[in-house]
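One file, upload_39.cif, is given below (mmCIF, C-alpha atoms).
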```cif
data_my_file
#
loop_
_atom_site.label_atom_id
_atom_site.label_comp_id
_atom_site.auth_asym_id
_atom_site.auth_seq_id
_atom_site.Cartn_x
_atom_site.Cartn_y
_atom_site.Cartn_z
CA MET J 1 -28.06 5.12 -9.71
CA CYS J 2 -26.46 5.85 -13.10
CA ARG J 3 -25.51 9.34 -11.93
CA THR J 4 -23.83 7.91 -8.84
CA VAL J 5 -21.83 5.44 -10.93
CA ASP J 6 -20.81 8.20 -13.36
CA LEU J 7 -19.57 10.39 -10.51
CA HIS J 8 -17.62 7.51 -8.99
CA GLN J 9 -15.97 6.74 -12.32
CA ALA J 10 -15.10 10.43 -12.77
CA VAL J 11 -13.46 10.54 -9.32
CA LEU J 12 -11.44 7.40 -10.11
CA ALA J 13 -10.41 8.75 -13.52
CA LYS J 14 -9.17 12.00 -11.97
CA ASN J 15 -7.30 10.05 -9.32
CA ASP J 16 -5.65 7.86 -11.94
CA THR J 17 -4.46 10.91 -13.85
CA ASN J 18 -2.92 12.32 -10.68
CA ALA J 19 -1.36 8.94 -9.89
CA VAL J 20 0.29 8.68 -13.30
CA GLU J 21 1.73 12.19 -12.96
CA LEU J 22 2.91 11.56 -9.40
CA ARG J 23 4.53 8.24 -10.36
CA ARG J 24 6.40 10.02 -13.18
CA THR J 25 7.56 12.76 -10.81
CA LEU J 26 8.77 10.28 -8.20
CA ASP J 27 10.54 8.19 -10.84
CA ASP J 28 12.37 11.29 -12.05
CA ARG J 29 13.48 11.98 -8.48
CA GLY J 30 14.62 8.40 -7.93
CA THR J 31 12.01 7.89 -5.19
CA THR J 32 10.14 4.61 -4.71
CA ALA J 33 6.69 4.96 -3.14
CA VAL J 34 5.32 2.13 -0.98
CA ASN J 35 1.58 2.10 -0.19
CA LEU J 36 0.74 0.33 3.09
CA MET J 37 -2.87 -0.80 3.53
CA SER J 38 -4.54 -2.59 6.41
CA SER J 39 -7.49 -2.48 8.76
CA PRO J 40 -7.25 -0.39 11.96
CA GLY J 41 -5.24 -2.01 14.73
CA SER J 42 -3.13 -4.23 12.51
CA GLY J 43 0.14 -2.88 13.86
CA LYS J 44 0.90 -1.02 10.64
CA THR J 45 2.29 2.08 12.38
CA ALA J 46 4.52 0.10 14.74
CA LEU J 47 5.93 -1.90 11.82
CA LEU J 48 6.47 1.25 9.76
CA GLU J 49 8.34 2.88 12.65
CA ALA J 50 10.61 -0.16 12.77
CA LEU J 51 11.17 -0.03 8.99
CA LEU J 52 12.00 3.68 9.07
CA THR J 53 14.36 3.22 12.01
CA ARG J 54 16.20 0.43 10.16
CA ALA J 55 16.38 2.49 6.98
CA VAL J 56 17.76 5.56 8.75
CA ALA J 57 20.28 3.46 10.68
CA GLY J 58 21.41 1.81 7.44
CA GLY J 59 21.91 5.11 5.64
CA THR J 60 18.91 4.76 3.31
CA PRO J 61 17.16 8.13 2.81
CA ALA J 62 13.53 7.39 3.71
CA ALA J 63 10.46 9.47 4.49
CA ALA J 64 6.85 8.78 5.38
CA VAL J 65 3.40 10.23 4.93
CA THR J 66 0.67 8.93 7.20
CA ALA J 67 -3.05 9.45 6.68
CA ASP J 68 -5.79 9.44 9.30
CA LEU J 69 -9.29 10.81 9.69
CA ALA J 70 -8.16 12.79 12.74
CA THR J 71 -5.18 13.43 15.08
CA GLU J 72 -1.48 13.54 14.28
CA ASN J 73 -0.63 10.71 16.67
CA ASP J 74 0.87 8.44 14.04
CA ALA J 75 3.12 11.17 12.62
CA THR J 76 4.44 11.85 16.12
CA ARG J 77 5.21 8.16 16.60
CA LEU J 78 6.88 7.75 13.21
CA ALA J 79 9.05 10.84 13.70
CA ARG J 80 10.84 8.99 16.51
CA SER J 81 12.62 7.02 13.78
CA GLY J 82 14.54 10.11 12.70
CA ALA J 83 12.98 10.08 9.22
CA PRO J 84 11.08 13.09 7.81
CA VAL J 85 7.34 12.57 8.36
CA GLN J 86 4.18 14.38 7.30
CA GLN J 87 0.56 13.83 8.37
CA ILE J 88 -2.48 14.04 6.10
CA LEU J 89 -5.83 14.53 7.82
CA THR J 90 -8.61 13.31 5.52
CA ASP J 91 -11.45 14.95 7.50
CA GLY J 92 -13.60 11.83 7.40
CA LEU J 93 -12.59 10.48 4.00
CA CYS J 94 -12.00 6.73 4.29
CA HIS J 95 -9.04 6.60 1.92
CA LEU J 96 -6.11 8.56 0.59
CA GLU J 97 -6.15 9.89 -2.98
CA ALA J 98 -3.24 10.60 -5.31
CA GLY J 99 -4.04 14.32 -5.49
CA MET J 100 -3.94 14.62 -1.70
CA LEU J 101 -0.58 12.87 -1.55
CA ARG J 102 0.81 14.90 -4.42
CA GLY J 103 -0.17 18.15 -2.74
CA LYS J 104 1.46 17.14 0.53
CA LEU J 105 4.73 16.17 -1.16
CA GLU J 106 5.12 19.41 -3.14
CA GLY J 107 7.77 21.56 -1.52
CA TRP J 108 8.33 19.07 1.31
CA LEU J 109 9.78 15.75 0.14
CA PRO J 110 13.54 16.02 0.77
CA GLU J 111 15.85 15.74 -2.23
CA GLY J 112 17.52 12.35 -2.47
CA THR J 113 14.68 10.48 -0.75
CA ARG J 114 14.96 6.89 -1.93
CA LEU J 115 11.98 5.37 -0.11
CA LEU J 116 8.65 7.06 0.52
CA PHE J 117 6.34 5.03 2.75
CA VAL J 118 2.67 5.98 2.60
CA GLU J 119 0.57 4.75 5.51
CA ASN J 120 -2.96 4.71 4.14
CA VAL J 121 -6.12 5.20 6.20
CA GLY J 122 -6.97 2.10 8.23
CA ASN J 123 -9.45 0.45 5.88
CA LEU J 124 -9.38 -2.59 3.58
CA VAL J 125 -12.22 -1.50 1.28
CA CYS J 126 -11.96 2.05 -0.14
CA PRO J 127 -8.15 2.36 -0.42
CA ALA J 128 -7.95 -0.71 -2.67
CA SER J 129 -9.50 1.24 -5.57
CA TYR J 130 -7.10 4.19 -5.46
CA ASP J 131 -3.71 4.15 -7.12
CA LEU J 132 -1.37 6.53 -5.28
CA GLY J 133 1.43 6.42 -7.83
CA GLU J 134 3.15 3.72 -5.80
CA THR J 135 5.72 1.24 -7.05
CA LEU J 136 4.90 -1.26 -4.33
CA ARG J 137 1.55 -1.97 -2.69
CA ILE J 138 1.62 -3.91 0.58
CA ALA J 139 -1.45 -5.38 2.28
CA LEU J 140 -1.04 -6.17 5.97
CA ALA J 141 -3.05 -8.28 8.40
CA SER J 142 -2.31 -9.17 12.01
CA VAL J 143 -2.64 -12.62 13.52
CA THR J 144 -5.27 -11.18 15.87
CA GLU J 145 -7.65 -10.42 12.99
CA GLY J 146 -8.35 -14.01 12.00
CA GLU J 147 -7.39 -16.18 9.06
CA ASP J 148 -10.11 -15.15 6.61
CA LYS J 149 -9.10 -11.50 6.00
CA PRO J 150 -7.72 -12.18 2.48
CA VAL J 151 -10.89 -13.87 1.22
CA LYS J 152 -13.12 -11.30 2.93
CA TYR J 153 -11.23 -8.44 1.27
CA PRO J 154 -10.09 -9.91 -2.06
CA ALA J 155 -9.41 -6.57 -3.77
CA ALA J 156 -7.08 -5.31 -1.04
CA PHE J 157 -5.08 -8.54 -0.89
CA GLY J 158 -5.57 -9.48 -4.53
CA LEU J 159 -3.91 -6.31 -5.83
CA ALA J 160 -0.95 -6.40 -3.41
CA HIS J 161 2.62 -6.91 -4.55
CA VAL J 162 3.46 -8.18 -1.06
CA VAL J 163 1.34 -9.49 1.81
CA VAL J 164 2.62 -8.98 5.35
CA ILE J 165 1.51 -10.79 8.49
CA THR J 166 2.01 -8.68 11.62
CA LYS J 167 2.14 -9.38 15.37
CA THR J 168 3.46 -12.92 14.88
CA ASP J 169 4.63 -12.92 18.50
CA LEU J 170 0.93 -13.28 19.41
CA ALA J 171 0.18 -16.11 16.99
CA ASP J 172 0.18 -18.91 19.56
CA ALA J 173 -1.84 -16.91 22.08
CA VAL J 174 -4.65 -16.24 19.60
CA GLU J 175 -4.39 -19.70 17.99
CA PHE J 176 -3.69 -18.20 14.57
CA ARG J 177 -4.18 -20.79 11.82
CA ARG J 178 -1.26 -19.84 9.59
CA ASP J 179 -1.92 -22.43 6.87
CA ASP J 180 -5.52 -21.24 6.47
CA PHE J 181 -4.38 -17.64 6.11
CA LEU J 182 -1.73 -18.54 3.54
CA SER J 183 -4.26 -20.60 1.61
CA GLY J 184 -6.61 -17.63 1.47
CA VAL J 185 -3.82 -15.35 0.26
CA GLN J 186 -2.91 -17.71 -2.56
CA GLN J 187 -6.58 -18.04 -3.49
CA VAL J 188 -6.94 -14.32 -4.21
CA ASN J 189 -3.35 -13.57 -5.27
CA PRO J 190 -1.44 -16.65 -6.46
CA GLY J 191 2.31 -16.40 -6.08
CA VAL J 192 2.37 -13.23 -4.00
CA PRO J 193 5.26 -13.11 -1.49
CA VAL J 194 4.20 -13.32 2.16
CA ILE J 195 6.48 -11.89 4.85
CA GLU J 196 5.83 -12.61 8.53
CA THR J 197 6.75 -9.86 10.97
CA SER J 198 6.68 -8.71 14.55
CA ALA J 199 7.50 -5.10 15.38
CA ARG J 200 7.97 -6.16 19.00
CA THR J 201 10.61 -8.86 18.39
CA GLY J 202 11.97 -7.54 15.10
CA GLU J 203 11.08 -10.69 13.20
CA GLY J 204 10.85 -10.11 9.46
CA VAL J 205 11.54 -6.35 9.57
CA ASP J 206 14.92 -6.66 7.84
CA ALA J 207 13.44 -9.07 5.28
CA LEU J 208 10.63 -6.65 4.46
CA LEU J 209 13.00 -3.69 4.14
CA ALA J 210 15.25 -5.76 1.87
CA HIS J 211 12.26 -6.61 -0.33
CA VAL J 212 11.33 -2.93 -0.61
CA LEU J 213 14.91 -2.01 -1.50
CA ARG J 214 14.99 -4.65 -4.24
CA ALA J 215 11.90 -3.03 -5.75
CA ALA J 216 13.62 0.36 -5.47
CA ASP J 217 16.56 -1.09 -7.39
CA GLY J 218 14.20 -1.95 -10.22
CA ARG J 219 14.25 -5.70 -9.69
CA GLU J 220 11.20 -7.59 -10.88
CA THR J 221 8.28 -7.71 -8.44
CA HIS J 222 5.18 -9.84 -8.26
CA THR J 223 2.39 -8.96 -10.69
CA PRO J 224 -1.04 -9.75 -9.19
CA VAL J 225 -3.34 -11.84 -11.37
CA LEU J 226 -6.18 -9.46 -10.53
CA ALA J 227 -4.19 -6.55 -12.01
CA ARG J 228 -3.48 -8.50 -15.20
CA GLN J 229 -7.15 -9.42 -15.57
CA HIS J 230 -8.12 -5.78 -15.13
CA GLU J 231 -5.67 -4.68 -17.82
CA LYS J 232 -7.05 -7.27 -20.26
CA HIS J 233 -10.57 -6.01 -19.56
CA LEU J 234 -9.49 -2.45 -20.31
CA HIS J 235 -7.76 -3.43 -23.56
CA HIS J 236 -10.83 -5.38 -24.62
CA HIS J 237 -12.87 -2.20 -24.29
CA ASP J 238 -10.22 -0.15 -26.13
CA THR J 239 -9.35 2.03 -23.18
CA PRO J 240 -6.65 4.32 -24.54
CA SER J 241 -4.23 4.67 -21.67
CA ALA J 242 -3.23 3.78 -18.12
CA GLU J 243 -4.66 7.07 -16.92
CA HIS J 244 -8.11 5.47 -17.04
CA SER J 245 -7.22 2.30 -15.16
CA HIS J 246 -8.94 1.90 -11.79
CA ALA J 247 -6.40 -0.55 -10.40
CA PRO J 248 -2.83 0.06 -9.30
CA ALA J 249 0.03 -0.70 -11.63
CA GLY J 250 0.90 -4.39 -11.62
CA THR J 251 4.62 -3.74 -12.00
CA PRO J 252 6.87 -0.83 -11.13
CA ARG J 253 7.12 1.98 -13.67
#
```

Any chance you could put this one into structure tokens?
Amino acid sequence: MCRTVDLHQAVLAKNDTNAVELRRTLDDRGTTAVNLMSSPGSGKTALLEALLTRAVAGGTPAAAVTADLATENDATRLARSGAPVQQILTDGLCHLEAGMLRGKLEGWLPEGTRLLFVENVGNLVCPASYDLGETLRIALASVTEGEDKPVKYPAAFGLAHVVVITKTDLADAVEFRRDDFLSGVQQVNPGVPVIETSARTGEGVDALLAHVLRAADGRETHTPVLARQHEKHLHHHDTPSAEHSHAPAGTPR
């Protein structure tokens, strides 16, 4: 058991080192990375296609990396937006790691890219522990998944800078209890912005893109309480640097 824990901590420490280096590289290039996390079937890819299409149409240089266990279906869909897209196949790994992302970006990410969207593997457990060097972490949940997703997956939603509700056009049909969902979000991440969207109708897409662009401009973003508590825990144990933190940055760097 101890050996397993040691190995897990070593993997996280290596990831954090890669994340810090990648964040520094992206900052130097003027690129803002956005990590999108959700369960499978949340509508994440459809929403991302809409965001990329809006960005391209508005003259904002944007690109995307999408991760899946198998197939390049999502990359094919996202490329319809006109934005540069790359696919990462994780070969069974349930999450994306900073080193994998860093390797994919080397020699590919176009100069002048302002926004880099990273569509993580569909999973609300493993990806929550891995910092990808992002400036903004977004947790998504669709109205079809039920109201208790935030409290069932407190790390994924508790470490998010933004929470997004998807497929709002289906809310009435599935009798989505909006107030219960919002209550759960505030329970695990007090004060986090919540943006309601529908890729089908376009609701909230412009608002979400505007929020991302504000973060890219360096404007203050939400700092999750869970991230602050983690930092205090690390300082209490005299951890020397952010490279050894196993939670994403609470504010953009």

Would you write out, as a PyMOL selection string, every residue that the PyMOL selection byres ((chain J and resi 207) around 12) captures in this file?
chain J and resi 50-51+54+162+164+193-198+202-206+208-214

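Among the candidates J:Val225, J:Met37, J:Val65, J:Ala215, the one nearest to Ser129 in chain J when counting all atoms listed in the file is J:Met37.
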
Using all atoms listed in the file, list the residues that have an atom at most 9 Å from (-14.5, 4.8, 7.6), coordinates as in the file, as a PDB file with C-alpha atoms, in the coordinates of the input.
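Generated output (result.pdb):
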```pdb
ATOM      1  CA  LEU J  69      -9.290  10.810   9.690  1.00  0.00           C
ATOM      2  CA  GLY J  92     -13.600  11.830   7.400  1.00  0.00           C
ATOM      3  CA  LEU J  93     -12.590  10.480   4.000  1.00  0.00           C
ATOM      4  CA  CYS J  94     -12.000   6.730   4.290  1.00  0.00           C
ATOM      5  CA  HIS J  95      -9.040   6.600   1.920  1.00  0.00           C
ATOM      6  CA  VAL J 121      -6.120   5.200   6.200  1.00  0.00           C
ATOM      7  CA  GLY J 122      -6.970   2.100   8.230  1.00  0.00           C
ATOM      8  CA  ASN J 123      -9.450   0.450   5.880  1.00  0.00           C
ATOM      9  CA  CYS J 126     -11.960   2.050  -0.140  1.00  0.00           C
TER      10      CYS J 126
END
```

What is the distance between CA of Leu226 in chain J and CA of Tyr153 in chain J, in Å to one decimal?
12.9 Å

Scan for residues within 10 Å of the point (0.7, 10.2, -9.6) in the coordinates of the file, using all atoms listed in the file, and reply as a short mmCIF file (atom, residue, chain, number, x, y, z; two decimals) with C-alpha atoms, keeping the file's coordinate frame.
```cif
data_model
loop_
_atom_site.label_atom_id
_atom_site.label_comp_id
_atom_site.auth_asym_id
_atom_site.auth_seq_id
_atom_site.Cartn_x
_atom_site.Cartn_y
_atom_site.Cartn_z
CA ASN J 15 -7.30 10.05 -9.32
CA ASP J 16 -5.65 7.86 -11.94
CA THR J 17 -4.46 10.91 -13.85
CA ASN J 18 -2.92 12.32 -10.68
CA ALA J 19 -1.36 8.94 -9.89
CA VAL J 20 0.29 8.68 -13.30
CA GLU J 21 1.73 12.19 -12.96
CA LEU J 22 2.91 11.56 -9.40
CA ARG J 23 4.53 8.24 -10.36
CA ARG J 24 6.40 10.02 -13.18
CA THR J 25 7.56 12.76 -10.81
CA LEU J 26 8.77 10.28 -8.20
CA GLU J 97 -6.15 9.89 -2.98
CA ALA J 98 -3.24 10.60 -5.31
CA GLY J 99 -4.04 14.32 -5.49
CA LEU J 101 -0.58 12.87 -1.55
CA ARG J 102 0.81 14.90 -4.42
CA ASP J 131 -3.71 4.15 -7.12
CA LEU J 132 -1.37 6.53 -5.28
CA GLY J 133 1.43 6.42 -7.83
CA GLU J 134 3.15 3.72 -5.80
CA GLU J 243 -4.66 7.07 -16.92
#
```

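One distance worth recording is that between CA of Leu136 in chain J and CA of His161 in chain J, which is 6.1 Å.
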
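The nearest approach to Glu119 in chain J among the residues J:Thr60, J:Gln186, J:Thr71, J:Gln86, with all atoms listed in the file taken into account, belongs to J:Gln86.
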
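Coordinates place CA of Gly146 in chain J at a distance of 13.0 Å from CA of Ser183 in chain J.
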
Can you give me, as a ChimeraX atom specification, the residues this file yields under the PyMOL selection byres ((chain J and resi 85) around 10)?
/J:62-66,74-84,86-87,108-109,116-118

Exercise: Pro154 in chain J partners within 12 Å, all atoms listed in the file, chain neighbours under 5 positions left out, as a ChimeraX atom specification:
/J:124-125,128-129,139,148-149,159-160,184-190,224-226

Padded axis-aligned box of range 11-15 of chain J (4 Å per side), centre and edge lengths, Å, one decimal, as AutoDock Vina command-line options:
```
--center_x -10.4 --center_y 9.7 --center_z -11.4 --size_x 14.2 --size_y 12.6 --size_z 12.2
```

Report the residues retrieved by the PyMOL selection byres ((chain J and resi 143) around 7) from the displayed file, expressed as a VMD selection string.
chain J and resid 141 to 142 144 to 146 165 to 168 170 to 171 176

Residue nearest His222 in chain J among J:Arg137, J:Tyr130, J:Phe181, J:Leu96 (counting all atoms listed in the file):
J:Arg137

Missing atoms in range 176-187 of chain J need filling: write out all heavy atoms for it as a PDB file, in the coordinates of the input.
```
ATOM      1  N   PHE J 176      -3.660 -18.588  15.974  1.00  0.00           N
ATOM      2  CA  PHE J 176      -3.690 -18.200  14.570  1.00  0.00           C
ATOM      3  C   PHE J 176      -3.422 -19.410  13.682  1.00  0.00           C
ATOM      4  O   PHE J 176      -2.427 -20.119  13.843  1.00  0.00           O
ATOM      5  CB  PHE J 176      -2.622 -17.128  14.326  1.00  0.00           C
ATOM      6  CG  PHE J 176      -2.491 -16.685  12.894  1.00  0.00           C
ATOM      7  CD1 PHE J 176      -3.523 -16.008  12.264  1.00  0.00           C
ATOM      8  CD2 PHE J 176      -1.313 -16.919  12.188  1.00  0.00           C
ATOM      9  CE1 PHE J 176      -3.397 -15.574  10.954  1.00  0.00           C
ATOM     10  CE2 PHE J 176      -1.177 -16.483  10.878  1.00  0.00           C
ATOM     11  CZ  PHE J 176      -2.223 -15.819  10.254  1.00  0.00           C
ATOM     12  N   ARG J 177      -4.321 -19.653  12.746  1.00  0.00           N
ATOM     13  CA  ARG J 177      -4.180 -20.790  11.820  1.00  0.00           C
ATOM     14  C   ARG J 177      -3.438 -20.293  10.575  1.00  0.00           C
ATOM     15  O   ARG J 177      -4.032 -19.867   9.593  1.00  0.00           O
ATOM     16  CB  ARG J 177      -5.542 -21.370  11.475  1.00  0.00           C
ATOM     17  CG  ARG J 177      -6.270 -21.967  12.682  1.00  0.00           C
ATOM     18  CD  ARG J 177      -7.472 -22.810  12.273  1.00  0.00           C
ATOM     19  NE  ARG J 177      -8.461 -22.023  11.541  1.00  0.00           N
ATOM     20  CZ  ARG J 177      -9.427 -21.302  12.112  1.00  0.00           C
ATOM     21  NH1 ARG J 177      -9.503 -21.235  13.437  1.00  0.00           N
ATOM     22  NH2 ARG J 177     -10.301 -20.626  11.383  1.00  0.00           N
ATOM     23  N   ARG J 178      -2.126 -20.389  10.632  1.00  0.00           N
ATOM     24  CA  ARG J 178      -1.260 -19.840   9.590  1.00  0.00           C
ATOM     25  C   ARG J 178      -1.559 -20.445   8.220  1.00  0.00           C
ATOM     26  O   ARG J 178      -1.630 -19.737   7.210  1.00  0.00           O
ATOM     27  CB  ARG J 178       0.199 -20.093   9.973  1.00  0.00           C
ATOM     28  CG  ARG J 178       1.236 -19.618   8.967  1.00  0.00           C
ATOM     29  CD  ARG J 178       2.642 -19.866   9.503  1.00  0.00           C
ATOM     30  NE  ARG J 178       3.654 -19.459   8.549  1.00  0.00           N
ATOM     31  CZ  ARG J 178       4.096 -20.238   7.572  1.00  0.00           C
ATOM     32  NH1 ARG J 178       3.588 -21.462   7.416  1.00  0.00           N
ATOM     33  NH2 ARG J 178       5.025 -19.794   6.731  1.00  0.00           N
ATOM     34  N   ASP J 179      -1.700 -21.759   8.158  1.00  0.00           N
ATOM     35  CA  ASP J 179      -1.920 -22.430   6.870  1.00  0.00           C
ATOM     36  C   ASP J 179      -3.219 -21.955   6.215  1.00  0.00           C
ATOM     37  O   ASP J 179      -3.281 -21.788   4.993  1.00  0.00           O
ATOM     38  CB  ASP J 179      -1.949 -23.948   7.038  1.00  0.00           C
ATOM     39  CG  ASP J 179      -0.570 -24.521   7.349  1.00  0.00           C
ATOM     40  OD1 ASP J 179       0.428 -23.795   7.137  1.00  0.00           O
ATOM     41  OD2 ASP J 179      -0.493 -25.679   7.799  1.00  0.00           O
ATOM     42  N   ASP J 180      -4.258 -21.719   7.024  1.00  0.00           N
ATOM     43  CA  ASP J 180      -5.520 -21.240   6.470  1.00  0.00           C
ATOM     44  C   ASP J 180      -5.366 -19.837   5.895  1.00  0.00           C
ATOM     45  O   ASP J 180      -5.922 -19.516   4.841  1.00  0.00           O
ATOM     46  CB  ASP J 180      -6.611 -21.235   7.555  1.00  0.00           C
ATOM     47  CG  ASP J 180      -7.033 -22.636   7.966  1.00  0.00           C
ATOM     48  OD1 ASP J 180      -6.668 -23.588   7.254  1.00  0.00           O
ATOM     49  OD2 ASP J 180      -7.713 -22.767   8.999  1.00  0.00           O
ATOM     50  N   PHE J 181      -4.608 -19.003   6.605  1.00  0.00           N
ATOM     51  CA  PHE J 181      -4.380 -17.640   6.110  1.00  0.00           C
ATOM     52  C   PHE J 181      -3.613 -17.678   4.789  1.00  0.00           C
ATOM     53  O   PHE J 181      -3.995 -17.002   3.815  1.00  0.00           O
ATOM     54  CB  PHE J 181      -3.593 -16.830   7.143  1.00  0.00           C
ATOM     55  CG  PHE J 181      -3.325 -15.407   6.721  1.00  0.00           C
ATOM     56  CD1 PHE J 181      -4.228 -14.405   7.026  1.00  0.00           C
ATOM     57  CD2 PHE J 181      -2.175 -15.075   6.005  1.00  0.00           C
ATOM     58  CE1 PHE J 181      -3.998 -13.083   6.632  1.00  0.00           C
ATOM     59  CE2 PHE J 181      -1.935 -13.764   5.608  1.00  0.00           C
ATOM     60  CZ  PHE J 181      -2.850 -12.770   5.923  1.00  0.00           C
ATOM     61  N   LEU J 182      -2.544 -18.450   4.754  1.00  0.00           N
ATOM     62  CA  LEU J 182      -1.730 -18.540   3.540  1.00  0.00           C
ATOM     63  C   LEU J 182      -2.533 -19.095   2.370  1.00  0.00           C
ATOM     64  O   LEU J 182      -2.376 -18.657   1.227  1.00  0.00           O
ATOM     65  CB  LEU J 182      -0.494 -19.394   3.799  1.00  0.00           C
ATOM     66  CG  LEU J 182       0.509 -18.830   4.806  1.00  0.00           C
ATOM     67  CD1 LEU J 182       1.661 -19.806   5.018  1.00  0.00           C
ATOM     68  CD2 LEU J 182       1.041 -17.478   4.352  1.00  0.00           C
ATOM     69  N   SER J 183      -3.405 -20.039   2.656  1.00  0.00           N
ATOM     70  CA  SER J 183      -4.260 -20.600   1.610  1.00  0.00           C
ATOM     71  C   SER J 183      -5.186 -19.534   1.041  1.00  0.00           C
ATOM     72  O   SER J 183      -5.393 -19.449  -0.175  1.00  0.00           O
ATOM     73  CB  SER J 183      -5.083 -21.764   2.175  1.00  0.00           C
ATOM     74  OG  SER J 183      -5.970 -22.275   1.195  1.00  0.00           O
ATOM     75  N   GLY J 184      -5.742 -18.706   1.923  1.00  0.00           N
ATOM     76  CA  GLY J 184      -6.610 -17.630   1.470  1.00  0.00           C
ATOM     77  C   GLY J 184      -5.866 -16.605   0.633  1.00  0.00           C
ATOM     78  O   GLY J 184      -6.389 -16.101  -0.372  1.00  0.00           O
ATOM     79  N   VAL J 185      -4.636 -16.294   1.025  1.00  0.00           N
ATOM     80  CA  VAL J 185      -3.820 -15.350   0.260  1.00  0.00           C
ATOM     81  C   VAL J 185      -3.581 -15.869  -1.146  1.00  0.00           C
ATOM     82  O   VAL J 185      -3.752 -15.148  -2.142  1.00  0.00           O
ATOM     83  CB  VAL J 185      -2.466 -15.100   0.965  1.00  0.00           C
ATOM     84  CG1 VAL J 185      -1.517 -14.341   0.040  1.00  0.00           C
ATOM     85  CG2 VAL J 185      -2.662 -14.325   2.253  1.00  0.00           C
ATOM     86  N   GLN J 186      -3.203 -17.135  -1.248  1.00  0.00           N
ATOM     87  CA  GLN J 186      -2.910 -17.710  -2.560  1.00  0.00           C
ATOM     88  C   GLN J 186      -4.181 -17.840  -3.414  1.00  0.00           C
ATOM     89  O   GLN J 186      -4.116 -17.815  -4.647  1.00  0.00           O
ATOM     90  CB  GLN J 186      -2.238 -19.065  -2.409  1.00  0.00           C
ATOM     91  CG  GLN J 186      -0.867 -18.996  -1.765  1.00  0.00           C
ATOM     92  CD  GLN J 186       0.082 -18.030  -2.473  1.00  0.00           C
ATOM     93  OE1 GLN J 186       0.175 -18.014  -3.700  1.00  0.00           O
ATOM     94  NE2 GLN J 186       0.783 -17.201  -1.700  1.00  0.00           N
ATOM     95  N   GLN J 187      -5.312 -17.955  -2.760  1.00  0.00           N
ATOM     96  CA  GLN J 187      -6.580 -18.040  -3.490  1.00  0.00           C
ATOM     97  C   GLN J 187      -6.878 -16.733  -4.235  1.00  0.00           C
ATOM     98  O   GLN J 187      -7.342 -16.752  -5.374  1.00  0.00           O
ATOM     99  CB  GLN J 187      -7.718 -18.349  -2.511  1.00  0.00           C
ATOM    100  CG  GLN J 187      -9.095 -18.453  -3.160  1.00  0.00           C
ATOM    101  CD  GLN J 187     -10.185 -18.775  -2.145  1.00  0.00           C
ATOM    102  OE1 GLN J 187      -9.940 -19.466  -1.156  1.00  0.00           O
ATOM    103  NE2 GLN J 187     -11.380 -18.277  -2.378  1.00  0.00           N
TER     104      GLN J 187
END
```
